[in-house]
Amino acid sequence: MIFDVLILGGGPGGLTAGIYAGRAQLKTGMIERLMPGGQVAGTELIENYPGFADGVAGPDLMMAMEKQARKFGLEIMTGTIESLDFKSAPKKVVASGKTYYAKAVIISTGTDPKLLNIPGEKEFKGRGVSYCATCDGPFFKDKDVVVVGGGSSGVQESLYLTRFVNKINLVEFMDHLNAERILQERAKKNQKYTFYLNHQMLSINGSQKVESVTVKNRATEEAFDIPAEGVFIWVGMNPNTEFLQNHIDINPWGYIVAGEDCQTSVPGVFAVGDVRDKEVRQITTAVSDGTVAAEHALKYVESQEN
Amino acid sequence: MLREEDKKQIQAQLKDMKDPVRFVFFTQQMAGTCQYCIETETLLKELVEISELLSLKILNYITDKDDVKSLSIDKIPATAVQADKDAGIRFYGIPTGYEFAAFLQMILALSQGNSGLDDILKERLHQIQNPVHIQTFVTPTCPYCTRSAFTSYQFAMENSNIRADVVEISEFPHLAQKYGVMGVPKVVINESHSFEGALPETMFLEHIEIALKKE
Ligand SMILES: Cc1cc2nc3c(=O)[nH]c(=O)nc-3n(C[C@H](O)[C@H](O)[C@H](O)COP(=O)(O)OP(=O)(O)OC[C@H]3O[C@@H](n4cnc5c(N)ncnc54)[C@H](O)[C@@H]3O)c2cc1C
């Protein structure tokens with residue numbers, strides 16, 4: 001089967017492209033390795049997406065987007081993108097052993113959490129180490145945890161954790177928090193927090209499960225242990241573009257090079273959302289890209305037909 | 001529990017069902033002992049109204065001992081989902097949130113009699129001759145869990161030696177304790193082997209093969 005438009009990845013960027021392309025009556029498919037929803041699906045409350053004065057739960061927002069896209073005919077398939085051929089016509093995409101064809105491709109594979117790459121992180125994943133507060137938060141009821149990362153993600157998600165946990169030890173490499181001011185103020189007011197600014201994570205320790213972390217004070221060079229049963233890590237993101245190497249232009253950090261028109265170095269291939277080289281990575285900007293890319297994909301498909 | 005618009009969407013998602021699918025639901029009359037039994041029953045009742053191909057049989061966990069035994073049910077609420085025969089597919093707890101999507105996906109696959117796995121993987125699954133019991137622990141707010149849950153169901157569909165329990169772990173804290181669940185998805189195979197995180201089908205299958213070698 002040949003799609004007019006094939007969307008790779010089902011976060012807010014991809015789903016928006018799906019809504020627009022489907023509504024433009026293009027035959028539109030989406031390949032997603034999990035369930036549609038992207039990073040937002042793992043975020044408890046979104047406070048800055050317009051239209052929701054009281055905020056909206058991440059999973060609710062994403063299920064609504066999925067529903068809207070399906071309504072306009074988007075076909076969603078489960079699979080992990082493995083390889084592709086953009087030189088052939090139609091373009092070819094292989095996901096989990098199955099081959100798909102499309103006239104135009106929209107890449108919206110977003111980003112995955114960065115690892116700290118310190119001893120204990122891999123060993124204790126699922127046994128105390130987590131990257132998803134909504135998934136794993138309830139397992140740490142009345143326990144002490146460490147949150148690594150004082151950016152908006154780390155502070156926002158740790159505020160959610162305060163519902164469950166006894167104490168949050170927030171470790172930040174720099175000597176200040178980087179989160180939006182409104183989040184910082186909420187955290188600073190909350191009695192459950194202890195801040196370790198200008199501290200570096202050295203290791204995560206334990207026998208069967210996490211028992212403590214070792215950190216180093218970067219000013220005094222002093223290293224010490226913080227007892228904790230959970231370690232939640234939000235230290236930035238890595239773009240999901242491994243499968244694109246040598247197929248389209250990618251910048252040195254792995255992000256797809258494409259301008260505001262979302263057009264990549266290959267005609268008929270577009271990049272939207274967090275995976276694109278851009279300044280502000282938010283739901284609103286991903287949604288905007290999805291709109292733009294779908295419009296350009298429509299023009300491209302029409303030009304191929306003539 | 002389901003709104004009219006939800007029902008419409010579910011109907012659209014299930015429009016390609018082929019064969020009938022039956023829920024065998026285990027509950028208990030006494031209120032208070034099973035937190036989500038009533039909600040789950042309501043959800044299943046609303047679901048079967050959506051498609052003529054769906055049906056529901058309600059059994060009592062205490063009194064319907066023979067069925068409890070023959071379907072290996074060991075806690076409630078429990079839902080066994082069956083097409084022409086029982087493929088060992090169970091959901092323990094209430095299938096809501098993200099898990100509801102995986103639940104629908106499984107119903108459709110069962111009804112079409114096609115797991116959707118690729119042929120190489122099917123071949124490897126068919127070679128398994130020893131009993132395999134997969135328990136996948138999930139929570140409704142975990143977007144990564146649905147993949148593991150559905151994969152375990154796909155495996156059960158391919159080989160009658162494999163049975164797949166998906167367990168909404170926040171309803172069964174004693175199991176979280178027993179299996180040391182501190183993150184989801186967590187998969188336990190035959191009590192002897194476990195792994196954490198959503199893995200592609202091939203790697204999931206490798207874990208089953210490792211578990212069988214250990215025995
Ligand atoms: C903790 C946290 C909190 C946040 N809070 C907010 C907030 O409050 N407000 C806000 O506006 N933004 C927030 N963001 C940012 C926001 O989530 C992102 O900007 C947005 O999700 C980007 O959407 P996307 O569609 O580009 O990619 P993503 O949401 O990353 O979706 C990408 C999708 O592609 C899939 N995928 C990846 N690789 C493959 C592959 N090889 N094969 C198949 N599928 C694949 C993934 O499974 C995923 O579903 C937050 C981010 C984090 C991490």
# chains A, B, ... in the order shown; residues from 1 in each chain; ligands from 1

call {"tool": "residues_near_ligand", "arguments": {"ligand": "ligand 1", "cutoff": "6 Å", "atoms": "only C-alpha atoms and all ligand atoms", "output": "ChimeraX atom specification"}}
result
/A:8-14,31-34,36-40,43,46-48,79-81,108-111,153,157,240,273-275,281-284,286

call {"tool": "select_by_dssp", "arguments": {"residues": "range 26-70 of chain B", "states": "alpha helix (DSSP H)", "output": "list of chain:residue names"}}
result
B:Cys37, B:Ile38, B:Glu39, B:Thr40, B:Glu41, B:Thr42, B:Leu43, B:Leu44, B:Lys45, B:Glu46, B:Leu47, B:Val48, B:Glu49, B:Ile50, B:Lys65, B:Asp66, B:Asp67, B:Val68, B:Lys69, B:Ser70

call {"tool": "write_last_selection", "arguments": {"atoms": "N, CA and C atoms", "output": "PDB file, in the first residue's frame"}}
result
ATOM      1  N   CYS B  37     -13.740  -3.966  41.080  1.00  0.00           N
ATOM      2  CA  CYS B  37     -14.577  -4.979  40.426  1.00  0.00           C
ATOM      3  C   CYS B  37     -15.805  -4.368  39.759  1.00  0.00           C
ATOM      4  N   ILE B  38     -16.475  -3.485  40.475  1.00  0.00           N
ATOM      5  CA  ILE B  38     -17.720  -2.925  39.946  1.00  0.00           C
ATOM      6  C   ILE B  38     -17.451  -2.061  38.714  1.00  0.00           C
ATOM      7  N   GLU B  39     -16.410  -1.213  38.812  1.00  0.00           N
ATOM      8  CA  GLU B  39     -16.062  -0.365  37.668  1.00  0.00           C
ATOM      9  C   GLU B  39     -15.691  -1.199  36.442  1.00  0.00           C
ATOM     10  N   THR B  40     -14.912  -2.254  36.683  1.00  0.00           N
ATOM     11  CA  THR B  40     -14.480  -3.077  35.553  1.00  0.00           C
ATOM     12  C   THR B  40     -15.685  -3.739  34.897  1.00  0.00           C
ATOM     13  N   GLU B  41     -16.591  -4.237  35.742  1.00  0.00           N
ATOM     14  CA  GLU B  41     -17.794  -4.886  35.217  1.00  0.00           C
ATOM     15  C   GLU B  41     -18.601  -3.898  34.364  1.00  0.00           C
ATOM     16  N   THR B  42     -18.749  -2.676  34.868  1.00  0.00           N
ATOM     17  CA  THR B  42     -19.485  -1.650  34.118  1.00  0.00           C
ATOM     18  C   THR B  42     -18.817  -1.379  32.774  1.00  0.00           C
ATOM     19  N   LEU B  43     -17.503  -1.250  32.807  1.00  0.00           N
ATOM     20  CA  LEU B  43     -16.761  -0.974  31.578  1.00  0.00           C
ATOM     21  C   LEU B  43     -16.980  -2.086  30.550  1.00  0.00           C
ATOM     22  N   LEU B  44     -16.890  -3.340  30.999  1.00  0.00           N
ATOM     23  CA  LEU B  44     -17.048  -4.465  30.072  1.00  0.00           C
ATOM     24  C   LEU B  44     -18.476  -4.519  29.522  1.00  0.00           C
ATOM     25  N   LYS B  45     -19.437  -4.232  30.389  1.00  0.00           N
ATOM     26  CA  LYS B  45     -20.844  -4.236  29.946  1.00  0.00           C
ATOM     27  C   LYS B  45     -21.067  -3.190  28.865  1.00  0.00           C
ATOM     28  N   GLU B  46     -20.445  -2.019  29.043  1.00  0.00           N
ATOM     29  CA  GLU B  46     -20.604  -0.964  28.039  1.00  0.00           C
ATOM     30  C   GLU B  46     -19.892  -1.338  26.746  1.00  0.00           C
ATOM     31  N   LEU B  47     -18.782  -2.030  26.890  1.00  0.00           N
ATOM     32  CA  LEU B  47     -18.021  -2.437  25.695  1.00  0.00           C
ATOM     33  C   LEU B  47     -18.814  -3.408  24.825  1.00  0.00           C
ATOM     34  N   VAL B  48     -19.448  -4.405  25.469  1.00  0.00           N
ATOM     35  CA  VAL B  48     -20.142  -5.414  24.664  1.00  0.00           C
ATOM     36  C   VAL B  48     -21.360  -4.825  23.952  1.00  0.00           C
ATOM     37  N   GLU B  49     -21.824  -3.683  24.446  1.00  0.00           N
ATOM     38  CA  GLU B  49     -22.949  -3.036  23.754  1.00  0.00           C
ATOM     39  C   GLU B  49     -22.508  -2.402  22.438  1.00  0.00           C
ATOM     40  N   ILE B  50     -21.205  -2.183  22.314  1.00  0.00           N
ATOM     41  CA  ILE B  50     -20.704  -1.466  21.148  1.00  0.00           C
ATOM     42  C   ILE B  50     -20.641  -2.352  19.906  1.00  0.00           C
ATOM     43  N   LYS B  65     -15.637 -22.197  41.246  1.00  0.00           N
ATOM     44  CA  LYS B  65     -14.273 -22.711  41.481  1.00  0.00           C
ATOM     45  C   LYS B  65     -13.670 -23.392  40.253  1.00  0.00           C
ATOM     46  N   ASP B  66     -14.514 -24.135  39.517  1.00  0.00           N
ATOM     47  CA  ASP B  66     -13.984 -24.889  38.377  1.00  0.00           C
ATOM     48  C   ASP B  66     -13.401 -23.958  37.311  1.00  0.00           C
ATOM     49  N   ASP B  67     -14.132 -22.888  37.021  1.00  0.00           N
ATOM     50  CA  ASP B  67     -13.646 -21.943  36.014  1.00  0.00           C
ATOM     51  C   ASP B  67     -12.407 -21.207  36.504  1.00  0.00           C
ATOM     52  N   VAL B  68     -12.417 -20.852  37.786  1.00  0.00           N
ATOM     53  CA  VAL B  68     -11.248 -20.176  38.366  1.00  0.00           C
ATOM     54  C   VAL B  68     -10.025 -21.051  38.150  1.00  0.00           C
ATOM     55  N   LYS B  69     -10.209 -22.357  38.370  1.00  0.00           N
ATOM     56  CA  LYS B  69      -9.087 -23.280  38.249  1.00  0.00           C
ATOM     57  C   LYS B  69      -8.697 -23.496  36.786  1.00  0.00           C
ATOM     58  N   SER B  70      -9.691 -23.778  35.949  1.00  0.00           N
ATOM     59  CA  SER B  70      -9.344 -24.125  34.565  1.00  0.00           C
ATOM     60  C   SER B  70      -8.748 -22.922  33.823  1.00  0.00           C
TER      61      SER B  70
END

call {"tool": "closest_atom_pairs", "arguments": {"of": "chain A", "to": "chain B", "cutoff": "10 Å", "atoms": "only C-alpha atoms", "output": "JSON lines"}}
result
{"residue": "A:Arg33", "atom": "CA", "partner": "B:Arg147", "partner_atom": "CA", "distance": 7.8}
{"residue": "A:Leu34", "atom": "CA", "partner": "B:Arg147", "partner_atom": "CA", "distance": 5.5}
{"residue": "A:Met35", "atom": "CA", "partner": "B:Pro143", "partner_atom": "CA", "distance": 6.4}
{"residue": "A:Pro36", "atom": "CA", "partner": "B:Pro143", "partner_atom": "CA", "distance": 8.3}
{"residue": "A:Gly37", "atom": "CA", "partner": "B:Pro143", "partner_atom": "CA", "distance": 7.6}
{"residue": "A:Gly38", "atom": "CA", "partner": "B:Pro143", "partner_atom": "CA", "distance": 8.3}
{"residue": "A:Gln39", "atom": "CA", "partner": "B:Pro143", "partner_atom": "CA", "distance": 8.9}
{"residue": "A:Val40", "atom": "CA", "partner": "B:Pro143", "partner_atom": "CA", "distance": 9.5}
{"residue": "A:Ala41", "atom": "CA", "partner": "B:Pro143", "partner_atom": "CA", "distance": 6.1}
{"residue": "A:Gly42", "atom": "CA", "partner": "B:Pro143", "partner_atom": "CA", "distance": 6.5}
{"residue": "A:Thr43", "atom": "CA", "partner": "B:Thr141", "partner_atom": "CA", "distance": 9.3}
{"residue": "A:Glu44", "atom": "CA", "partner": "B:Thr141", "partner_atom": "CA", "distance": 8.8}
{"residue": "A:Gly58", "atom": "CA", "partner": "B:Thr141", "partner_atom": "CA", "distance": 9.5}
{"residue": "A:Pro59", "atom": "CA", "partner": "B:Thr141", "partner_atom": "CA", "distance": 7.3}
{"residue": "A:Asp60", "atom": "CA", "partner": "B:Gly97", "partner_atom": "CA", "distance": 8.8}
{"residue": "A:Met63", "atom": "CA", "partner": "B:Tyr98", "partner_atom": "CA", "distance": 8.7}
{"residue": "A:Lys67", "atom": "CA", "partner": "B:Gln9", "partner_atom": "CA", "distance": 7.3}
{"residue": "A:Gln68", "atom": "CA", "partner": "B:Gln9", "partner_atom": "CA", "distance": 9.8}
{"residue": "A:Arg70", "atom": "CA", "partner": "B:Gln9", "partner_atom": "CA", "distance": 8.4}
{"residue": "A:Lys71", "atom": "CA", "partner": "B:Gln9", "partner_atom": "CA", "distance": 8.0}
{"residue": "A:Thr78", "atom": "CA", "partner": "B:Arg147", "partner_atom": "CA", "distance": 8.7}
{"residue": "A:Gly79", "atom": "CA", "partner": "B:Pro200", "partner_atom": "CA", "distance": 8.7}
{"residue": "A:Thr80", "atom": "CA", "partner": "B:Pro200", "partner_atom": "CA", "distance": 7.8}
{"residue": "A:Ser96", "atom": "CA", "partner": "B:Asp118", "partner_atom": "CA", "distance": 8.2}
{"residue": "A:Gly97", "atom": "CA", "partner": "B:Asp118", "partner_atom": "CA", "distance": 6.7}
{"residue": "A:Lys98", "atom": "CA", "partner": "B:Asp118", "partner_atom": "CA", "distance": 7.6}
{"residue": "A:Phe124", "atom": "CA", "partner": "B:Glu196", "partner_atom": "CA", "distance": 9.6}
{"residue": "A:Lys125", "atom": "CA", "partner": "B:Glu196", "partner_atom": "CA", "distance": 7.1}
{"residue": "A:Gly126", "atom": "CA", "partner": "B:Gly183", "partner_atom": "CA", "distance": 4.4}
{"residue": "A:Arg127", "atom": "CA", "partner": "B:Met182", "partner_atom": "CA", "distance": 5.2}
{"residue": "A:Gly128", "atom": "CA", "partner": "B:Met182", "partner_atom": "CA", "distance": 5.9}
{"residue": "A:Val129", "atom": "CA", "partner": "B:Gly183", "partner_atom": "CA", "distance": 8.0}
{"residue": "A:Ser130", "atom": "CA", "partner": "B:Gly183", "partner_atom": "CA", "distance": 7.0}
{"residue": "A:Tyr131", "atom": "CA", "partner": "B:Gly183", "partner_atom": "CA", "distance": 9.6}
{"residue": "A:Cys132", "atom": "CA", "partner": "B:Cys142", "partner_atom": "CA", "distance": 8.2}
{"residue": "A:Ala133", "atom": "CA", "partner": "B:Cys142", "partner_atom": "CA", "distance": 9.2}
{"residue": "A:Thr134", "atom": "CA", "partner": "B:Thr141", "partner_atom": "CA", "distance": 6.0}
{"residue": "A:Cys135", "atom": "CA", "partner": "B:Cys142", "partner_atom": "CA", "distance": 4.5}
{"residue": "A:Asp136", "atom": "CA", "partner": "B:Gly183", "partner_atom": "CA", "distance": 5.0}
{"residue": "A:Gly137", "atom": "CA", "partner": "B:Gly183", "partner_atom": "CA", "distance": 8.4}
{"residue": "A:Pro138", "atom": "CA", "partner": "B:Ser170", "partner_atom": "CA", "distance": 7.9}
{"residue": "A:Phe139", "atom": "CA", "partner": "B:Met182", "partner_atom": "CA", "distance": 5.5}
{"residue": "A:Phe140", "atom": "CA", "partner": "B:Met182", "partner_atom": "CA", "distance": 7.6}
{"residue": "A:Gln208", "atom": "CA", "partner": "B:Gly180", "partner_atom": "CA", "distance": 9.4}
{"residue": "A:Lys209", "atom": "CA", "partner": "B:Gly180", "partner_atom": "CA", "distance": 8.8}
{"residue": "A:Glu229", "atom": "CA", "partner": "B:Met182", "partner_atom": "CA", "distance": 9.5}
{"residue": "A:Gly230", "atom": "CA", "partner": "B:Met182", "partner_atom": "CA", "distance": 8.5}

call {"tool": "closest_residue", "arguments": {"among": "A:Ala24, A:Asp144, A:Glu123, A:Gly254", "to": "Glu242 in chain A", "atoms": "only C-alpha atoms"}}
result
A:Gly254

call {"tool": "residues_around", "arguments": {"residues": "Lys214 in chain B", "least_positions_apart": "5", "cutoff": "9 Å", "atoms": "only C-alpha atoms", "output": "PDB file with N, CA, C and O atoms, in the first residue's frame"}}
result
ATOM      1  N   SER B 192      11.072 -16.925  37.194  1.00  0.00           N
ATOM      2  CA  SER B 192      12.517 -17.136  37.298  1.00  0.00           C
ATOM      3  C   SER B 192      13.329 -16.003  36.669  1.00  0.00           C
ATOM      4  O   SER B 192      14.518 -15.860  36.907  1.00  0.00           O
ATOM      5  N   HIS B 193      12.682 -15.198  35.844  1.00  0.00           N
ATOM      6  CA  HIS B 193      13.455 -14.224  35.082  1.00  0.00           C
ATOM      7  C   HIS B 193      12.614 -12.955  34.925  1.00  0.00           C
ATOM      8  O   HIS B 193      11.395 -13.039  34.802  1.00  0.00           O
ATOM      9  N   GLU B 209      13.486 -16.788  25.868  1.00  0.00           N
ATOM     10  CA  GLU B 209      14.425 -17.875  25.557  1.00  0.00           C
ATOM     11  C   GLU B 209      15.473 -18.026  26.663  1.00  0.00           C
ATOM     12  O   GLU B 209      15.823 -19.145  27.039  1.00  0.00           O
TER      13      GLU B 209
END

call {"tool": "residues_around", "arguments": {"residues": "range 258-266 of chain A", "least_positions_apart": "3", "cutoff": "7 Å", "atoms": "only C-alpha atoms", "output": "MDAnalysis selection string"}}
result
chainID A and resid 248:249 269:272 276:277 289 292:293

call {"tool": "atom_distance", "arguments": {"atom1": "CA of Met30 in chain A", "atom2": "CA of Gly55 in chain A"}}
result
27.6 Å

call {"tool": "residues_around", "arguments": {"residues": "His199 in chain A", "least_positions_apart": "4", "cutoff": "12 Å", "atoms": "only C-alpha atoms", "output": "ChimeraX atom specification"}}
result
/A:148-150,169-177,195,213-226

call {"tool": "residues_around", "arguments": {"residues": "range 19-29 of chain B", "least_positions_apart": "3", "cutoff": "8 Å", "atoms": "only C-alpha atoms", "output": "list in words"}}
result
Thr33, Cys34, Cys37, Glu41, Leu44, Leu53, Leu54, Ser55, Leu56, Lys57, Ile58, Leu59, Asn60, Tyr61, Ile62, Ile76, Pro77, Ala78, Thr79, Ala80, Val81, Gln82, Ala83, Asp84, Ile107, Leu110, Ser111, Gln112 and Gly113 of chain B

call {"tool": "atom_distance", "arguments": {"atom1": "CA of Pro267 in chain A", "atom2": "CA of Gln245 in chain A"}}
result
16.6 Å

call {"tool": "select_by_dssp", "arguments": {"residues": "range 61-145 of chain B", "states": "strand (DSSP E or B)", "output": "NGL selection string"}}
result
:B and (78-82 or 89-92 or 132-138)

call {"tool": "write_last_selection", "arguments": {"atoms": "C-alpha atoms", "output": "PDB file, in the first residue's frame"}}
result
ATOM      1  CA  ALA B  78      -9.825 -10.645  36.288  1.00  0.00           C
ATOM      2  CA  THR B  79     -10.814 -10.653  32.635  1.00  0.00           C
ATOM      3  CA  ALA B  80     -10.016 -13.558  30.335  1.00  0.00           C
ATOM      4  CA  VAL B  81     -10.417 -12.572  26.697  1.00  0.00           C
ATOM      5  CA  GLN B  82     -11.151 -15.412  24.307  1.00  0.00           C
ATOM      6  CA  ILE B  89      -4.918 -13.866  27.616  1.00  0.00           C
ATOM      7  CA  ARG B  90      -5.773 -12.170  30.930  1.00  0.00           C
ATOM      8  CA  PHE B  91      -6.083  -8.658  32.263  1.00  0.00           C
ATOM      9  CA  TYR B  92      -6.016  -8.215  36.050  1.00  0.00           C
ATOM     10  CA  VAL B 132       5.746 -19.912  29.587  1.00  0.00           C
ATOM     11  CA  HIS B 133       3.910 -17.649  32.016  1.00  0.00           C
ATOM     12  CA  ILE B 134       4.398 -13.958  31.275  1.00  0.00           C
ATOM     13  CA  GLN B 135       3.311 -11.367  33.842  1.00  0.00           C
ATOM     14  CA  THR B 136       3.491  -7.779  32.622  1.00  0.00           C
ATOM     15  CA  PHE B 137       3.079  -5.169  35.342  1.00  0.00           C
ATOM     16  CA  VAL B 138       1.642  -1.853  34.173  1.00  0.00           C
TER      17      VAL B 138
END

call {"tool": "atom_distance", "arguments": {"atom1": "CA of Ala102 in chain A", "atom2": "CA of Pro90 in chain A"}}
result
5.4 Å
